[in-house]
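Chemist: Structure provided below as C-alpha cells; questions to follow.
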Amino acid sequence: MNNSSEGGGGGGASNGGMLYHEVQESKLCAVHCVNTVLQGPFFSEFDLAALASDLDSKERQMMMGSVTGDFLPELSHNVSLDGDFSIQVLQKALEVWDLQVIPLDSPVAEPAQIDPEMENAFICHLQDHWFCIRKVNGEWYNFDSLYAAPEHLSKFYLSAYLDSLKGFGWSIFLWLSPEDAERITKSCNSDSRTRGGPGERQPFDPNIQYEEAEMFVDDEDEDLKAAIAASLMDSGPAIAAQPGGTSPKGKQEQRWRKRMRTQF
C-alpha cells in the first residue's frame, strides 16, 4: 500500500505535525478512506475483506429459509469482485474504535446539516469511490486518495463543497466519536422538549434564523457553488490522479480556490 504523509497547508496536524494521507492503489479507496479517518495505517484490504466475509456469513444465516430473488447466497453483498466495500464494512471497521457512522441526511444529523464545521469528519461515496473530509487540529482537509496530497478546505468552502456533492448524488455519512454521539443525542432530546403541540408558540430557535439568513446569500456565494458544480461534473469518482501529483480538478475551481485564499 502506498502511504504518504504530507504537510498540510494552513494549521498544524496530527502525527507530529503531519497529515496522514494514502494515495490511491488499485481500487482500495475504502481502505484509504478508513485509514485517513483514523489518521493512521490501521486497516489493510485483508482486514476489510475479513469484515465483509463475516457480514456475508451473518446475512446468509439470516436469509436461510427465506431466500428471495434479490439475495444470491453465493455472492458477497459487502465486497464487489473489483474490491469495492459496502458502508456496512466501513461501519464495522470504525466500530472497533468505538466510532459510529450515520447518514448526513438522517434527522438525528440535523445539527451537522446546519453547521458542518462543528463536526469532525465526513465519509463520501459515489459508485465505487470512497473518500473522507476530515478536520485535523481545527483545519479541514479533503483526503481523497485520488489526490497526491490532502487539500485544505476553508470553513466556508466546506459547506459549499458538501452541498455540491449532495447535489451530484454523493452519499455522505457523518463520522461520530462517542462524544459527538452524546452531543447529538442531547441536542435531539432538547429539541423534542422545546417543540410544543399544534398552535403553541415555539421558543426562539437560532436554526430558523440561520435558514432565513441563507435566503440572502450574495452573488459571490452562488457563483462559487456554480464553479464547484462545474468542476464536479468534469471530474467523476473514477478519475485517476494526473501525473506529477496534480489534483484532478477543473481550472475553473482552481481560479475560485485562488480567490478564496485571498478572502479567507
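By order of appearance in the C-alpha cells: chains A, B, ..., then residues from 1 within every chain, and ligands from 1 in the order shown.
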With only C-alpha atoms as the counted atoms, please give the residues lying no more than 12 Å from Gln113 in chain A, apart from itself and same-chain residues fewer than 6 positions off, as a PyMOL selection string.

Modeler: chain A and resi 103-107+119+122+158-160+162-163+166+172-174+184+207+210-211

Chemist: Counting only C-alpha atoms, which of A:Val89, A:Cys29, A:Met62, A:Ala121 gets nearest to Asp47 in chain A?

Modeler: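 Counting only C-alpha atoms, the residue closest to Asp47 in chain A is A:Val89.
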
Chemist: Neighbours of Thr36 in chain A within 7 Å (only C-alpha atoms; same-chain residues fewer than 2 positions away dropped), as a list in words?

Modeler: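 Near Thr36 in chain A, the qualifying residues are Tyr20, His21, His32, Cys33, Val34, Leu38, Gln39, Gly40 and Phe143 of chain A.
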
Chemist: Would you work out the distance separating CA of Ser177 in chain A from CA of Leu99 in chain A, expressed in Å to one decimal?

Modeler: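 Separating CA of Ser177 in chain A from CA of Leu99 in chain A is a distance of 5.0 Å.
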
Chemist: Neighbouring residues of Leu176 in chain A were defined as those with any atom within 6 Å, considering only C-alpha atoms; residues of the same chain fewer than 2 positions away were excluded. Please report them as a list in words.

Modeler: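 My list of contacting residues is Leu99, Gln100, Asp180 and Ala181 of chain A.
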
Chemist: I need the chosen residues saved as a PDB file, in the first residue's frame, with all heavy atoms.

Modeler:
```
ATOM      1  N   LEU A  99     -16.435   4.109  17.177  1.00  0.00           N
ATOM      2  CA  LEU A  99     -16.911   5.220  16.361  1.00  0.00           C
ATOM      3  C   LEU A  99     -18.162   4.793  15.612  1.00  0.00           C
ATOM      4  O   LEU A  99     -18.360   3.622  15.303  1.00  0.00           O
ATOM      5  CB  LEU A  99     -15.833   5.654  15.360  1.00  0.00           C
ATOM      6  CG  LEU A  99     -14.487   6.058  15.975  1.00  0.00           C
ATOM      7  CD1 LEU A  99     -13.460   6.287  14.879  1.00  0.00           C
ATOM      8  CD2 LEU A  99     -14.630   7.313  16.832  1.00  0.00           C
ATOM      9  N   GLN A 100     -19.024   5.749  15.308  1.00  0.00           N
ATOM     10  CA  GLN A 100     -20.266   5.479  14.606  1.00  0.00           C
ATOM     11  C   GLN A 100     -20.291   6.223  13.275  1.00  0.00           C
ATOM     12  O   GLN A 100     -19.619   7.236  13.093  1.00  0.00           O
ATOM     13  CB  GLN A 100     -21.474   5.913  15.443  1.00  0.00           C
ATOM     14  CG  GLN A 100     -21.600   5.220  16.782  1.00  0.00           C
ATOM     15  CD  GLN A 100     -22.805   5.695  17.553  1.00  0.00           C
ATOM     16  OE1 GLN A 100     -23.867   5.947  16.989  1.00  0.00           O
ATOM     17  NE2 GLN A 100     -22.652   5.845  18.856  1.00  0.00           N
ATOM     18  N   ASP A 180     -19.306  12.955  20.199  1.00  0.00           N
ATOM     19  CA  ASP A 180     -20.195  13.513  19.183  1.00  0.00           C
ATOM     20  C   ASP A 180     -21.586  12.891  19.297  1.00  0.00           C
ATOM     21  O   ASP A 180     -22.599  13.587  19.189  1.00  0.00           O
ATOM     22  CB  ASP A 180     -19.651  13.254  17.776  1.00  0.00           C
ATOM     23  CG  ASP A 180     -18.365  14.011  17.507  1.00  0.00           C
ATOM     24  OD1 ASP A 180     -18.200  15.107  18.081  1.00  0.00           O
ATOM     25  OD2 ASP A 180     -17.539  13.513  16.733  1.00  0.00           O
ATOM     26  N   ALA A 181     -21.630  11.558  19.473  1.00  0.00           N
ATOM     27  CA  ALA A 181     -22.904  10.864  19.579  1.00  0.00           C
ATOM     28  C   ALA A 181     -23.690  11.368  20.788  1.00  0.00           C
ATOM     29  O   ALA A 181     -24.910  11.583  20.709  1.00  0.00           O
ATOM     30  CB  ALA A 181     -22.677   9.355  19.686  1.00  0.00           C
TER      31      ALA A 181
END
```

Chemist: DSSP says helix (DSSP H, G or I) for which residues of range 117-180 of chain A? Put them as a list in words?

Modeler: Glu117, Met118, Lys155, Phe156, Tyr157, Leu158, Ser159, Ala160, Tyr161, Leu162, Asp163, Ser164, Leu165, Lys166, Gly167, Pro178, Glu179 and Asp180 of chain A

Chemist: Take the residues from that selection and put them in a file with N, CA, C and O atoms, as a PDB file, in the first residue's frame.

Modeler:
```pdb
ATOM      1  N   GLU A 117     -19.239  22.540  10.082  1.00  0.00           N
ATOM      2  CA  GLU A 117     -17.913  22.851  10.603  1.00  0.00           C
ATOM      3  C   GLU A 117     -17.744  22.377  12.050  1.00  0.00           C
ATOM      4  O   GLU A 117     -16.619  22.187  12.523  1.00  0.00           O
ATOM      5  N   MET A 118     -18.865  22.148  12.754  1.00  0.00           N
ATOM      6  CA  MET A 118     -18.802  21.706  14.139  1.00  0.00           C
ATOM      7  C   MET A 118     -18.447  20.224  14.262  1.00  0.00           C
ATOM      8  O   MET A 118     -18.146  19.749  15.357  1.00  0.00           O
ATOM      9  N   LYS A 155     -13.459  26.975   5.981  1.00  0.00           N
ATOM     10  CA  LYS A 155     -14.722  26.631   6.627  1.00  0.00           C
ATOM     11  C   LYS A 155     -15.907  26.953   5.722  1.00  0.00           C
ATOM     12  O   LYS A 155     -16.892  26.209   5.674  1.00  0.00           O
ATOM     13  N   PHE A 156     -15.809  28.060   4.987  1.00  0.00           N
ATOM     14  CA  PHE A 156     -16.899  28.411   4.074  1.00  0.00           C
ATOM     15  C   PHE A 156     -16.968  27.409   2.925  1.00  0.00           C
ATOM     16  O   PHE A 156     -18.036  26.959   2.534  1.00  0.00           O
ATOM     17  N   TYR A 157     -15.806  27.064   2.367  1.00  0.00           N
ATOM     18  CA  TYR A 157     -15.770  26.152   1.228  1.00  0.00           C
ATOM     19  C   TYR A 157     -16.276  24.772   1.613  1.00  0.00           C
ATOM     20  O   TYR A 157     -16.865  24.066   0.787  1.00  0.00           O
ATOM     21  N   LEU A 158     -16.062  24.354   2.861  1.00  0.00           N
ATOM     22  CA  LEU A 158     -16.534  23.044   3.331  1.00  0.00           C
ATOM     23  C   LEU A 158     -18.029  22.901   3.113  1.00  0.00           C
ATOM     24  O   LEU A 158     -18.501  21.916   2.537  1.00  0.00           O
ATOM     25  N   SER A 159     -18.801  23.874   3.568  1.00  0.00           N
ATOM     26  CA  SER A 159     -20.257  23.817   3.438  1.00  0.00           C
ATOM     27  C   SER A 159     -20.685  23.799   1.977  1.00  0.00           C
ATOM     28  O   SER A 159     -21.548  23.012   1.577  1.00  0.00           O
ATOM     29  N   ALA A 160     -20.077  24.661   1.158  1.00  0.00           N
ATOM     30  CA  ALA A 160     -20.433  24.719  -0.259  1.00  0.00           C
ATOM     31  C   ALA A 160     -20.059  23.430  -0.975  1.00  0.00           C
ATOM     32  O   ALA A 160     -20.805  22.944  -1.836  1.00  0.00           O
ATOM     33  N   TYR A 161     -18.927  22.839  -0.615  1.00  0.00           N
ATOM     34  CA  TYR A 161     -18.470  21.607  -1.254  1.00  0.00           C
ATOM     35  C   TYR A 161     -19.397  20.438  -0.909  1.00  0.00           C
ATOM     36  O   TYR A 161     -19.763  19.640  -1.776  1.00  0.00           O
ATOM     37  N   LEU A 162     -19.806  20.337   0.361  1.00  0.00           N
ATOM     38  CA  LEU A 162     -20.731  19.274   0.760  1.00  0.00           C
ATOM     39  C   LEU A 162     -22.069  19.417   0.043  1.00  0.00           C
ATOM     40  O   LEU A 162     -22.661  18.423  -0.401  1.00  0.00           O
ATOM     41  N   ASP A 163     -22.549  20.647  -0.090  1.00  0.00           N
ATOM     42  CA  ASP A 163     -23.806  20.879  -0.811  1.00  0.00           C
ATOM     43  C   ASP A 163     -23.699  20.424  -2.257  1.00  0.00           C
ATOM     44  O   ASP A 163     -24.632  19.831  -2.813  1.00  0.00           O
ATOM     45  N   SER A 164     -22.559  20.709  -2.892  1.00  0.00           N
ATOM     46  CA  SER A 164     -22.381  20.320  -4.280  1.00  0.00           C
ATOM     47  C   SER A 164     -22.294  18.797  -4.435  1.00  0.00           C
ATOM     48  O   SER A 164     -22.849  18.227  -5.372  1.00  0.00           O
ATOM     49  N   LEU A 165     -21.602  18.140  -3.508  1.00  0.00           N
ATOM     50  CA  LEU A 165     -21.528  16.677  -3.541  1.00  0.00           C
ATOM     51  C   LEU A 165     -22.922  16.061  -3.444  1.00  0.00           C
ATOM     52  O   LEU A 165     -23.271  15.141  -4.202  1.00  0.00           O
ATOM     53  N   LYS A 166     -23.716  16.572  -2.504  1.00  0.00           N
ATOM     54  CA  LYS A 166     -25.081  16.059  -2.355  1.00  0.00           C
ATOM     55  C   LYS A 166     -25.886  16.290  -3.622  1.00  0.00           C
ATOM     56  O   LYS A 166     -26.674  15.427  -4.040  1.00  0.00           O
ATOM     57  N   GLY A 167     -25.700  17.449  -4.252  1.00  0.00           N
ATOM     58  CA  GLY A 167     -26.436  17.755  -5.478  1.00  0.00           C
ATOM     59  C   GLY A 167     -26.087  16.826  -6.622  1.00  0.00           C
ATOM     60  O   GLY A 167     -26.917  16.593  -7.511  1.00  0.00           O
ATOM     61  N   PRO A 178     -17.632   8.957  20.352  1.00  0.00           N
ATOM     62  CA  PRO A 178     -18.590   8.818  21.460  1.00  0.00           C
ATOM     63  C   PRO A 178     -19.090  10.168  21.978  1.00  0.00           C
ATOM     64  O   PRO A 178     -20.264  10.320  22.316  1.00  0.00           O
ATOM     65  N   GLU A 179     -18.189  11.151  22.018  1.00  0.00           N
ATOM     66  CA  GLU A 179     -18.589  12.486  22.482  1.00  0.00           C
ATOM     67  C   GLU A 179     -19.553  13.139  21.504  1.00  0.00           C
ATOM     68  O   GLU A 179     -20.509  13.814  21.907  1.00  0.00           O
ATOM     69  N   ASP A 180     -19.306  12.955  20.199  1.00  0.00           N
ATOM     70  CA  ASP A 180     -20.195  13.513  19.183  1.00  0.00           C
ATOM     71  C   ASP A 180     -21.586  12.891  19.297  1.00  0.00           C
ATOM     72  O   ASP A 180     -22.599  13.587  19.189  1.00  0.00           O
TER      73      ASP A 180
END
```

Chemist: When you count only C-alpha atoms, which of these residues is closest to His129 in chain A: A:Asn142, A:Ser187, A:Ser154, A:Ser86?

Modeler: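 Among the listed residues, A:Ser86 lies closest to His129 in chain A.
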
Chemist: To one decimal place in Å, what is the distance between CA of Lys58 in chain A and CA of Ala109 in chain A?

Modeler: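 Atom-to-atom, CA of Lys58 in chain A and CA of Ala109 in chain A are spaced 28.4 Å apart.
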